[in-house]
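Quick notes on the structure that follows.
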Amino acid sequence: MKNAYVAALLAATLTACAATTPAASPMEAHLNRYAGAEAVARNCPAYGGYGSIAAMRSDAENNLARARALGAKETDIKQARERMNGQLMSAIFLVGPPDACNSFVNGLAWAGTTPAVVKPKAASPINGKK
């Protein structure tokens with residue numbers, strides 16, 4: 001029982017770090033959502049059934065369209081896929097598929113309810129003074 005708690009805590013910590021690390025731009029944030037949904041759909045069981053995968057794909061396609069509108073190229077999409085798939089595979093290796101998949105699905109669902117999170121820009125001087 002103690003091992004299950006440790007695994008759950010590790011999964012939450014690992015995926016929280018991956019999911020809460022702000023993207024460098026709105027384009028990257030949308031690409032991460034797209035690629036994360038794709039990685040989950042391909043590597044995790046469909047806990048919510050066919051409908052949940054269909055909804056995830058629809059959300060992923062919307063994020064891909066937004067990223068492309070912001071200038072995403074095929075190389076950007078490929079990098080996002082590699083990044084998100086790597087994060088998911090690392091989490092699966094560390095805590096197992098159920099915990100990793102649940103955490104990623106929860107993170108995608110949460111991110112899908114808010115605007116894309118972007119790294120804050122460096123603080124600008126107040127009133128033009130340094």
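In the structure tokens, each chain is lettered A, B, ... as it comes, each chain's residues begin at 1, and ligands are numbered from 1 in order of appearance.
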Which residues come within 12 Å of Ile53 of chain A, counting only C-alpha atoms, excluding same-chain residues fewer than 3 positions away, as a PyMOL selection string?
chain A and resi 37-50+56-60+105+109
I need the chosen residues saved as a PDB file, in the first residue's frame, with C-alpha atoms.
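Output contents, as saved in result-v7.pdb:
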ATOM      1  CA  ALA A  37      -3.319  14.461 -26.652  1.00  0.00           C
ATOM      2  CA  GLU A  38      -1.860  12.490 -29.544  1.00  0.00           C
ATOM      3  CA  ALA A  39       0.635  10.712 -27.261  1.00  0.00           C
ATOM      4  CA  VAL A  40      -2.075   9.828 -24.758  1.00  0.00           C
ATOM      5  CA  ALA A  41      -4.465   8.619 -27.452  1.00  0.00           C
ATOM      6  CA  ARG A  42      -1.789   6.341 -28.924  1.00  0.00           C
ATOM      7  CA  ASN A  43      -0.287   5.004 -25.696  1.00  0.00           C
ATOM      8  CA  CYS A  44      -2.998   4.942 -23.040  1.00  0.00           C
ATOM      9  CA  PRO A  45      -6.173   2.910 -22.717  1.00  0.00           C
ATOM     10  CA  ALA A  46      -9.375   4.793 -23.463  1.00  0.00           C
ATOM     11  CA  TYR A  47     -10.747   5.027 -19.928  1.00  0.00           C
ATOM     12  CA  GLY A  48     -13.619   7.191 -21.128  1.00  0.00           C
ATOM     13  CA  GLY A  49     -14.270   5.028 -24.167  1.00  0.00           C
ATOM     14  CA  TYR A  50     -14.548   5.999 -27.806  1.00  0.00           C
ATOM     15  CA  MET A  56      -9.547  14.570 -27.226  1.00  0.00           C
ATOM     16  CA  ARG A  57      -8.831  14.393 -30.952  1.00  0.00           C
ATOM     17  CA  SER A  58     -11.197  17.276 -31.643  1.00  0.00           C
ATOM     18  CA  ASP A  59      -9.490  19.378 -28.985  1.00  0.00           C
ATOM     19  CA  ALA A  60      -6.078  18.372 -30.357  1.00  0.00           C
ATOM     20  CA  VAL A 105      -5.209  13.042 -19.281  1.00  0.00           C
ATOM     21  CA  ALA A 109      -8.269  18.310 -19.566  1.00  0.00           C
TER      22      ALA A 109
END
In segment 20-125 of chain A, what's alpha helix (DSSP H) per DSSP? Answer as an MDAnalysis selection string?
chainID A and resid 20 26:43 49:69 74:95 97:111
Kindly save the residues from that selection, with C-alpha atoms included, as a compact mmCIF listing (two decimals), in the first residue's frame.
# COMPACT_ATOMS: atom_id res chain seq x y z
CA THR A 20 3.07 23.18 -15.47
CA PRO A 26 1.35 30.54 -27.30
CA MET A 27 2.24 28.50 -30.39
CA GLU A 28 4.31 26.08 -28.30
CA ALA A 29 1.57 25.82 -25.68
CA HIS A 30 -0.96 24.82 -28.34
CA LEU A 31 1.52 22.39 -29.90
CA ASN A 32 2.13 20.79 -26.49
CA ARG A 33 -1.62 20.31 -26.02
CA TYR A 34 -1.92 18.81 -29.50
CA ALA A 35 1.07 16.49 -29.15
CA GLY A 36 0.17 15.52 -25.58
CA ALA A 37 -3.32 14.46 -26.65
CA GLU A 38 -1.86 12.49 -29.54
CA ALA A 39 0.64 10.71 -27.26
CA VAL A 40 -2.08 9.83 -24.76
CA ALA A 41 -4.46 8.62 -27.45
CA ARG A 42 -1.79 6.34 -28.92
CA ASN A 43 -0.29 5.00 -25.70
CA GLY A 49 -14.27 5.03 -24.17
CA TYR A 50 -14.55 6.00 -27.81
CA GLY A 51 -16.24 9.31 -27.03
CA SER A 52 -13.39 10.51 -24.84
CA ILE A 53 -10.82 9.79 -27.56
CA ALA A 54 -13.01 11.53 -30.14
CA ALA A 55 -13.31 14.60 -27.89
CA MET A 56 -9.55 14.57 -27.23
CA ARG A 57 -8.83 14.39 -30.95
CA SER A 58 -11.20 17.28 -31.64
CA ASP A 59 -9.49 19.38 -28.98
CA ALA A 60 -6.08 18.37 -30.36
CA GLU A 61 -7.04 19.40 -33.89
CA ASN A 62 -8.28 22.79 -32.60
CA ASN A 63 -4.95 23.32 -30.83
CA LEU A 64 -3.02 22.32 -33.95
CA ALA A 65 -5.03 24.79 -36.04
CA ARG A 66 -4.32 27.56 -33.52
CA ALA A 67 -0.62 26.70 -33.48
CA ARG A 68 -0.47 26.76 -37.28
CA ALA A 69 -2.25 30.11 -37.30
CA GLU A 74 6.16 20.82 -39.51
CA THR A 75 9.46 20.89 -37.61
CA ASP A 76 7.73 22.58 -34.65
CA ILE A 77 5.01 19.91 -34.70
CA LYS A 78 7.60 17.13 -34.85
CA GLN A 79 9.53 18.62 -31.90
CA ALA A 80 6.34 18.91 -29.84
CA ARG A 81 5.46 15.29 -30.59
CA GLU A 82 8.92 14.13 -29.55
CA ARG A 83 8.84 16.27 -26.40
CA MET A 84 5.41 15.15 -25.21
CA ASN A 85 5.89 11.50 -26.18
CA GLY A 86 9.21 11.51 -24.31
CA GLN A 87 7.59 12.97 -21.21
CA LEU A 88 4.79 10.40 -21.30
CA MET A 89 7.17 7.47 -21.86
CA SER A 90 9.38 8.68 -19.00
CA ALA A 91 6.38 8.89 -16.69
CA ILE A 92 5.19 5.42 -17.77
CA PHE A 93 8.67 4.02 -17.09
CA LEU A 94 8.81 5.60 -13.61
CA VAL A 95 5.28 5.01 -12.32
CA PRO A 97 0.90 3.25 -17.41
CA PRO A 98 -2.20 3.79 -15.24
CA ASP A 99 -0.75 6.58 -13.08
CA ALA A 100 1.12 8.25 -15.93
CA CYS A 101 -1.84 8.11 -18.30
CA ASN A 102 -4.28 9.39 -15.67
CA SER A 103 -2.01 12.30 -14.83
CA PHE A 104 -1.50 13.25 -18.46
CA VAL A 105 -5.21 13.04 -19.28
CA ASN A 106 -6.02 15.15 -16.23
CA GLY A 107 -3.37 17.69 -17.23
CA LEU A 108 -4.71 17.91 -20.78
CA ALA A 109 -8.27 18.31 -19.57
CA TRP A 110 -7.23 21.04 -17.14
CA ALA A 111 -5.14 22.87 -19.75
